[in-house]
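Below is one structure, written out as structure tokens; the observations come after it.
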Amino acid sequence: MFKYEVIKVCKQTGARIGRFTTPHGVIETPVFMPVGTKATVKSLSPEEVAEAGSQIMLSNTYHLYLRPGHELVKAAGGLHKFMNWNRPILTDSGGFQVFSLSTLRKVTDDGVQFNSFIDGSKHFFTPEKSIEIQQALGADIIMAFDECTAAGTDRARSEEAVIRTADWLKRCYDFHKENGEKQILFPIIQGNMYADLRRESLKRTLPYAKCGIAIGGLSVGEEKPVMYEMLDVMKELYPENMPRYLMGVGSADCIIEGIIRGIDMFDCVLPTRIARNGTAMTFSGDLCIRNAGYKDDFRPVEEGCDCYCCRNYSRAYVRHLINTDEIFGGRLLSIHNIRFLHRLTEKIKEAIRADRLLDYRNEIIDGISEKRG
RNA sequence: GCCUUGGUAGCUCAAUGGUAGAGUCCUGACGGUUAAUCAGGCAAUGAGGGUUCAACCCCCUCUCAAGGCA
């Protein structure tokens, strides 16, 4: 049911193009996956997400467990049917929520006790519970329940998280074994910003990595060069025959730097979040559409972009919508930003096919890193 | 002519006898979504007196504006 084939390796960088077969279709990698935390990419319909070129969508165990409840989603016929998205879905395990909603939580070897951010009610997550929920939700790809540490966490605490994550991974794997045909489990590498812990964590995940492996604990507040350094440390150690998924990464520069370092999959809330806050991603850097300079700028958000927003509307119009708090503005920029990241990966794939990804990176890196305001 | 209510940031409005706030406007942040969120910036008490340790606030005069009555 799950298969990953590498169909092209860039001679200049080692970056890959691959075909990842899942029960809901084939994903061509490298791929960016938009995030639909609560079974929706905020403000967009599944049709709009698909039209923007998304092949797979993320959703979230923790949030759907709290509301509407995984049993309800199961009763609805599973997440695909519930949200009317027939392409592949990946659910995050809730591990990141334990990290980011860190007030009033208690982590032990058994699992995590935490209070709901909605009503304060007490809940207990274990690796088994996370998998059970993810099985009920029915995503194609499910994630191991891990312990994510913030940038700046000391070595001892980071090592503890690596060990606990490995222990939890085994429990996730054993619990999931019986149901392994319909869903693939991705283990997650931790290790914070310590090279040896990264290697150690990766090594511990290998026995459980069957058709996919994820890098967690990055993009948690560290500087980008630090993240790149960690990716360099792991680059030669991944299995070849499965996709590598860098969790939480979605800025244009990090995506191309990640692909150069062997990454095949990315997800991030960035494009949709900054869209709702009035920023468009472009090949010339972030464009803050609220800025006064776009008041009477009747060009599209990005010249040459084929997205629904750029085909039909001007910067002046989108700026007007954003500045008057009209929902449509956030929707248009969300569509544009998602489309932008897909266009970026398409161009990256072209460069991989031509064995010139490093050249392409050098051509665009200044532009996409630049904040043009 | 009389009565009433007002005069605070460029504009629209808050506020308190003791450091005058916000929206609009300008700028920035956002990395496995607690986010259509958050942070920062420019900018003001109509004029003159009085009471008070202290007045945007209380009192008087003037002035301007709106409404009402003649």
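Labeling convention for the structure tokens: chains A, B, ... as they appear, residues from 1 per chain, ligands from 1 in order of appearance.
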
For the contact check between chain B and chain A, emit one row per residue of chain B within 7 Å, containing the shortest atom pair and the distance in Å rounded to one decimal, counting only C-alpha atoms (C1' of nucleotides), chain then rising number order, as JSON lines.
```
{"residue": "B:C30", "atom": "C1'", "partner": "A:Ile274", "partner_atom": "CA", "distance": 6.2}
{"residue": "B:G31", "atom": "C1'", "partner": "A:Ser219", "partner_atom": "CA", "distance": 5.3}
{"residue": "B:G32", "atom": "C1'", "partner": "A:Gly248", "partner_atom": "CA", "distance": 4.4}
{"residue": "B:U33", "atom": "C1'", "partner": "A:Val269", "partner_atom": "CA", "distance": 6.1}
{"residue": "B:U34", "atom": "C1'", "partner": "A:Phe117", "partner_atom": "CA", "distance": 6.2}
{"residue": "B:A36", "atom": "C1'", "partner": "A:Arg276", "partner_atom": "CA", "distance": 5.6}
```

Neighbours of A:Glu159 within 9 Å (only C-alpha atoms (C1' of nucleotides); same-chain residues fewer than 4 positions away dropped), as a list in words? Asp154, Arg155, Ile163, Arg164, Gln190, Gly191, Asn192, Leu197 and Ser201 of chain A

Mind listing the strand (DSSP E) residues of stretch 164-346 of chain A, per DSSP on the backbone, as a PyMOL selection string? chain A and resi 184-186+188-189+213-215+244-246+265-268+279-280+287-288

Just-selected residues, N, CA and C atoms written as an mmCIF file, in the first residue's frame:
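Produced file result-v6.cif, reproduced below:
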```cif
data_model
loop_
_atom_site.group_PDB
_atom_site.id
_atom_site.type_symbol
_atom_site.label_atom_id
_atom_site.label_comp_id
_atom_site.auth_asym_id
_atom_site.auth_seq_id
_atom_site.Cartn_x
_atom_site.Cartn_y
_atom_site.Cartn_z
ATOM 1 N N ILE A 184 0.730 4.406 7.483
ATOM 2 C CA ILE A 184 2.164 4.265 7.715
ATOM 3 C C ILE A 184 2.570 5.163 8.879
ATOM 4 N N LEU A 185 3.396 4.618 9.749
ATOM 5 C CA LEU A 185 3.867 5.372 10.913
ATOM 6 C C LEU A 185 5.246 5.964 10.632
ATOM 7 N N PHE A 186 5.342 7.286 10.784
ATOM 8 C CA PHE A 186 6.635 7.954 10.653
ATOM 9 C C PHE A 186 7.247 8.156 12.036
ATOM 10 N N ILE A 188 10.017 9.953 14.558
ATOM 11 C CA ILE A 188 10.529 11.320 14.593
ATOM 12 C C ILE A 188 11.873 11.373 15.308
ATOM 13 N N ILE A 189 12.813 12.027 14.634
ATOM 14 C CA ILE A 189 14.143 12.224 15.205
ATOM 15 C C ILE A 189 14.134 13.485 16.045
ATOM 16 N N ILE A 213 10.556 8.865 7.433
ATOM 17 C CA ILE A 213 11.250 9.238 8.666
ATOM 18 C C ILE A 213 11.159 10.754 8.792
ATOM 19 N N ALA A 214 10.954 11.206 10.014
ATOM 20 C CA ALA A 214 10.738 12.643 10.204
ATOM 21 C C ALA A 214 11.795 13.255 11.104
ATOM 22 N N ILE A 215 12.082 14.501 10.830
ATOM 23 C CA ILE A 215 13.005 15.277 11.656
ATOM 24 C C ILE A 215 12.182 16.282 12.424
ATOM 25 N N ARG A 244 12.046 11.704 3.648
ATOM 26 C CA ARG A 244 12.463 12.358 4.892
ATOM 27 C C ARG A 244 11.640 13.626 5.036
ATOM 28 N N TYR A 245 11.056 13.758 6.185
ATOM 29 C CA TYR A 245 10.080 14.823 6.421
ATOM 30 C C TYR A 245 10.609 15.765 7.503
ATOM 31 N N LEU A 246 10.833 17.007 7.109
ATOM 32 C CA LEU A 246 11.296 18.022 8.058
ATOM 33 C C LEU A 246 10.077 18.767 8.599
ATOM 34 N N MET A 265 9.941 16.190 2.378
ATOM 35 C CA MET A 265 8.613 16.642 2.768
ATOM 36 C C MET A 265 8.718 17.766 3.804
ATOM 37 N N PHE A 266 7.791 18.707 3.671
ATOM 38 C CA PHE A 266 7.742 19.839 4.610
ATOM 39 C C PHE A 266 6.288 20.144 4.950
ATOM 40 N N ASP A 267 6.108 20.696 6.139
ATOM 41 C CA ASP A 267 4.792 21.252 6.457
ATOM 42 C C ASP A 267 5.022 22.521 7.254
ATOM 43 N N CYS A 268 4.065 23.417 7.191
ATOM 44 C CA CYS A 268 4.224 24.643 7.962
ATOM 45 C C CYS A 268 2.930 25.450 7.962
ATOM 46 N N THR A 279 0.684 39.160 4.812
ATOM 47 C CA THR A 279 1.966 39.051 4.120
ATOM 48 C C THR A 279 1.891 38.006 3.004
ATOM 49 N N ALA A 280 2.392 38.397 1.844
ATOM 50 C CA ALA A 280 2.463 37.488 0.703
ATOM 51 C C ALA A 280 3.895 37.010 0.537
ATOM 52 N N LEU A 287 6.155 40.106 1.018
ATOM 53 C CA LEU A 287 5.545 41.366 0.616
ATOM 54 C C LEU A 287 4.419 41.667 1.600
ATOM 55 N N CYS A 288 4.612 42.697 2.395
ATOM 56 C CA CYS A 288 3.615 43.054 3.393
ATOM 57 C C CYS A 288 2.575 43.941 2.724
#
```

List as a list in words the protein and nucleic acid residues near stretch 6-15 of chain B, meaning an atom at most 12 Å away when only C-alpha atoms (C1' of nucleotides) are counted, but skip any in the same chain fewer than 6 places from it.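 Listing them by chain and then by number gives G21, A22, G23, U24, C25, C42, A43, A44, U45, G46, A47, C56, C57, U63, C64, A65, A66 and G67 of chain B.
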
What would the file look like if the residues just selected were written as a CSV table (one decimal), in the first residue's frame with N, CA and C atoms (P, O5', C5', C4', C3', O3' and C1' of nucleotides)?
```
chain,number,residue,atom,x,y,z
B,21,G,P,-2.0,57.2,29.3
B,21,G,O5',-2.5,55.9,28.7
B,21,G,C5',-2.6,55.7,27.3
B,21,G,C4',-4.0,55.1,27.0
B,21,G,C3',-4.1,54.8,25.5
B,21,G,O3',-3.5,53.5,25.2
B,21,G,C1',-6.0,55.9,26.3
B,22,A,P,-3.0,53.2,23.7
B,22,A,O5',-4.4,53.0,22.9
B,22,A,C5',-5.2,51.9,23.2
B,22,A,C4',-6.5,52.0,22.5
B,22,A,C3',-6.4,52.0,21.0
B,22,A,O3',-6.2,50.8,20.4
B,22,A,C1',-8.0,53.6,21.8
B,23,G,P,-5.5,50.6,19.0
B,23,G,O5',-6.6,51.0,18.0
B,23,G,C5',-7.8,50.2,17.9
B,23,G,C4',-8.8,50.9,17.0
B,23,G,C3',-8.3,51.3,15.7
B,23,G,O3',-8.3,50.3,14.7
B,23,G,C1',-9.5,53.1,16.7
B,24,U,P,-7.1,50.2,13.7
B,24,U,O5',-7.4,51.5,12.7
B,24,U,C5',-8.6,51.6,12.0
B,24,U,C4',-8.7,53.0,11.4
B,24,U,C3',-7.6,53.4,10.5
B,24,U,O3',-7.7,53.0,9.2
B,24,U,C1',-8.1,55.1,12.1
B,25,C,P,-6.4,52.3,8.5
B,25,C,O5',-5.3,53.4,8.6
B,25,C,C5',-5.3,54.5,7.7
B,25,C,C4',-4.1,55.3,7.9
B,25,C,C3',-2.8,54.6,7.8
B,25,C,O3',-2.3,54.4,6.5
B,25,C,C1',-2.7,55.9,9.8
B,42,C,P,6.7,57.7,19.0
B,42,C,O5',6.0,58.6,17.9
B,42,C,C5',6.8,59.1,16.8
B,42,C,C4',5.9,59.8,15.8
B,42,C,C3',4.9,60.8,16.4
B,42,C,O3',5.5,62.1,16.6
B,42,C,C1',3.8,59.4,14.9
B,43,A,P,5.4,62.8,18.1
B,43,A,O5',3.9,63.3,18.1
B,43,A,C5',3.4,64.2,17.1
B,43,A,C4',2.0,64.1,17.0
B,43,A,C3',1.2,64.3,18.3
B,43,A,O3',1.1,65.7,18.6
B,43,A,C1',0.3,62.5,17.1
B,44,A,P,1.2,66.2,20.2
B,44,A,O5',-0.3,66.4,20.6
B,44,A,C5',-1.1,67.4,19.9
B,44,A,C4',-2.5,67.4,20.5
B,44,A,C3',-2.6,67.8,22.0
B,44,A,O3',-2.6,69.2,22.1
B,44,A,C1',-3.9,65.9,21.6
B,45,U,P,-2.3,69.9,23.5
B,45,U,O5',-3.4,69.5,24.5
B,45,U,C5',-4.3,70.4,25.1
B,45,U,C4',-5.7,69.9,25.0
B,45,U,C3',-6.7,70.7,25.8
B,45,U,O3',-8.0,70.7,25.1
B,45,U,C1',-6.7,68.5,26.6
B,46,G,P,-9.2,71.9,25.4
B,46,G,O5',-8.9,73.1,24.4
B,46,G,C5',-8.4,72.9,23.1
B,46,G,C4',-8.4,74.3,22.4
B,46,G,C3',-8.0,75.4,23.3
B,46,G,O3',-6.6,75.6,23.3
B,46,G,C1',-10.1,75.9,22.3
B,47,A,P,-5.9,76.2,24.6
B,47,A,O5',-6.5,77.7,24.6
B,47,A,C5',-6.0,78.6,23.6
B,47,A,C4',-6.4,80.0,24.0
B,47,A,C3',-6.1,80.4,25.4
B,47,A,O3',-4.8,80.9,25.6
B,47,A,C1',-8.3,81.0,24.9
B,56,C,P,-5.0,70.3,33.4
B,56,C,O5',-6.0,69.7,32.3
B,56,C,C5',-6.6,70.5,31.3
B,56,C,C4',-8.0,69.9,30.9
B,56,C,C3',-9.0,69.8,32.0
B,56,C,O3',-9.7,71.0,32.1
B,56,C,C1',-8.9,67.7,30.9
B,57,C,P,-10.2,71.5,33.6
B,57,C,O5',-11.3,70.5,34.0
B,57,C,C5',-12.4,70.1,33.1
B,57,C,C4',-13.1,68.9,33.7
B,57,C,C3',-13.7,69.1,35.1
B,57,C,O3',-14.9,68.5,35.2
B,57,C,C1',-12.1,67.3,35.1
B,63,U,P,-17.7,86.2,22.9
B,63,U,O5',-16.8,85.1,22.2
B,63,U,C5',-15.6,85.4,21.5
B,63,U,C4',-15.0,84.2,21.0
B,63,U,C3',-15.9,83.2,20.2
B,63,U,O3',-16.0,83.6,18.8
B,63,U,C1',-14.7,82.0,21.8
B,64,C,P,-17.3,83.4,18.0
B,64,C,O5',-17.2,81.9,17.6
B,64,C,C5',-16.1,81.4,16.8
B,64,C,C4',-16.0,79.9,16.8
B,64,C,C3',-17.3,79.2,16.5
B,64,C,O3',-17.6,79.1,15.1
B,64,C,C1',-16.3,78.2,18.4
B,65,A,P,-19.1,78.9,14.7
B,65,A,O5',-19.5,77.4,15.1
B,65,A,C5',-18.8,76.3,14.5
B,65,A,C4',-19.2,75.0,15.1
B,65,A,C3',-20.7,74.8,15.1
B,65,A,O3',-21.2,74.4,13.8
B,65,A,C1',-19.8,74.2,17.2
B,66,A,P,-22.8,74.6,13.4
B,66,A,O5',-23.5,73.5,14.3
B,66,A,C5',-23.3,72.1,14.0
B,66,A,C4',-24.0,71.3,15.0
B,66,A,C3',-25.5,71.6,15.2
B,66,A,O3',-26.3,70.9,14.3
B,66,A,C1',-24.4,71.4,17.3
B,67,G,P,-27.7,71.7,13.9
B,67,G,O5',-28.6,71.4,15.2
B,67,G,C5',-29.1,70.1,15.5
B,67,G,C4',-29.7,70.0,16.9
B,67,G,C3',-30.9,71.0,17.1
B,67,G,O3',-32.1,70.5,16.5
B,67,G,C1',-29.5,71.1,18.9
```

Would you mind writing down, as a count of residues only, each residue of stretch 124-236 of chain A that DSSP on the backbone assigns to alpha helix (DSSP H)? 55

Which residue out of A:Asp140, A:Asp306, A:Asp146, A:Asp355 has the minimum interatomic distance to A:Trp168 when only C-alpha atoms are used? A:Asp146

Could you name the residues that touch B:U51 at 12 Å or less, counting only C-alpha atoms (C1' of nucleotides), but leaving out those on the same chain fewer than 5 positions away, as a list of chain:residue names? B:G17, B:C58, B:C59, B:C60

Computed interatomic separation between atom CA of A:Pro46 and atom CA of A:Trp85 (Å):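 Value for the atom CA of A:Pro46-atom CA of A:Trp85 distance: 5.9 Å.
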
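Nearest residue to A:Glu200 among A:Gln183, A:Asn337, A:Ser158, A:Ser54 is A:Ser158, counting only C-alpha atoms.
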
Which residues are close to A:Lys349, i.e. within 12 Å by only C-alpha atoms (C1' of nucleotides), leaving aside same-chain residues fewer than 3 positions away? Reply as number ranges by chain. A: 7-10, 15-18, 28-31, 256, 259-260, 264, 342-346, 352-358, 360-361

For the residues selected in the previous step, produce a file with C-alpha atoms as a compact mmCIF listing (two decimals), in the first residue's frame.
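Okay, part_10.txt is ready:
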```
# COMPACT_ATOMS: atom_id res chain seq x y z
CA ILE A 7 13.10 8.67 -9.61
CA LYS A 8 15.83 11.25 -9.89
CA VAL A 9 18.81 12.35 -7.84
CA CYS A 10 20.43 15.73 -8.49
CA ALA A 15 18.48 16.11 -3.68
CA ARG A 16 15.81 13.70 -4.85
CA ILE A 17 12.58 13.59 -6.76
CA GLY A 18 10.43 10.72 -5.58
CA GLU A 28 5.50 13.53 -5.83
CA THR A 29 8.32 14.77 -3.63
CA PRO A 30 9.76 17.18 -2.70
CA VAL A 31 6.42 18.31 -1.37
CA ILE A 256 15.35 24.91 -0.64
CA ILE A 259 15.90 19.88 -0.06
CA ILE A 260 19.59 20.38 -0.76
CA ASP A 264 11.59 15.41 0.76
CA HIS A 342 4.13 24.65 -4.66
CA ARG A 343 5.55 26.74 -7.51
CA LEU A 344 8.81 26.88 -5.62
CA THR A 345 8.98 23.11 -5.26
CA GLU A 346 8.06 22.70 -8.92
CA ILE A 352 16.92 18.59 -9.76
CA ARG A 353 16.04 17.06 -13.13
CA ALA A 354 18.66 19.29 -14.72
CA ASP A 355 21.26 18.45 -12.05
CA ARG A 356 21.61 22.12 -11.18
CA LEU A 357 19.86 22.61 -7.85
CA LEU A 358 22.84 24.34 -6.26
CA TYR A 360 19.25 27.39 -8.84
CA ARG A 361 19.58 27.91 -5.11
```

Which residue out of A:Ala52, A:Leu321, A:Ser102, A:Asp119 has the minimum interatomic distance to A:Cys305 when only C-alpha atoms are used?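 Closest candidate: A:Ala52.
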
Compile the contact shell of stretch 193-196 of chain A as a short mmCIF file (atom, residue, chain, number, x, y, z; two decimals) with C-alpha atoms, in the first residue's frame: residues with an atom at most 8 Å away, counting only C-alpha atoms (C1' of nucleotides), same-chain residues fewer than 3 positions apart removed.
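selection_18.cif, freshly written:
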```
data_model
loop_
_atom_site.label_atom_id
_atom_site.label_comp_id
_atom_site.auth_asym_id
_atom_site.auth_seq_id
_atom_site.Cartn_x
_atom_site.Cartn_y
_atom_site.Cartn_z
CA ALA A 151 15.88 25.75 21.14
CA ARG A 155 22.10 18.79 26.74
CA ARG A 199 22.90 11.02 15.24
CA GLU A 200 21.91 8.97 18.26
CA VAL A 226 21.87 26.19 13.23
CA MET A 227 19.03 24.24 11.67
CA MET A 230 21.76 19.89 12.16
CA VAL A 233 24.83 16.25 10.48
#
```

Could you jot down the atom CA of A:Tyr4 to atom CA of A:Pro239 separation for me, Å, one decimal place?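 Separating atom CA of A:Tyr4 from atom CA of A:Pro239 is a distance of 11.4 Å.
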
Residue neighbourhood A:Glu71, 12 Å, only C-alpha atoms (C1' of nucleotides), exclusion window fewer than 2 positions, as a list in words: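 So the residues in contact are Thr61, Leu64, Tyr65, Leu66, Arg67, Pro68, Gly69, Val73, Lys74, Ala75, Ala76, Gly77, Gly78, Leu79, Phe82, Glu132, Ile133, Gln134, Gln135, Ala136, Leu137 and Gly138 of chain A.
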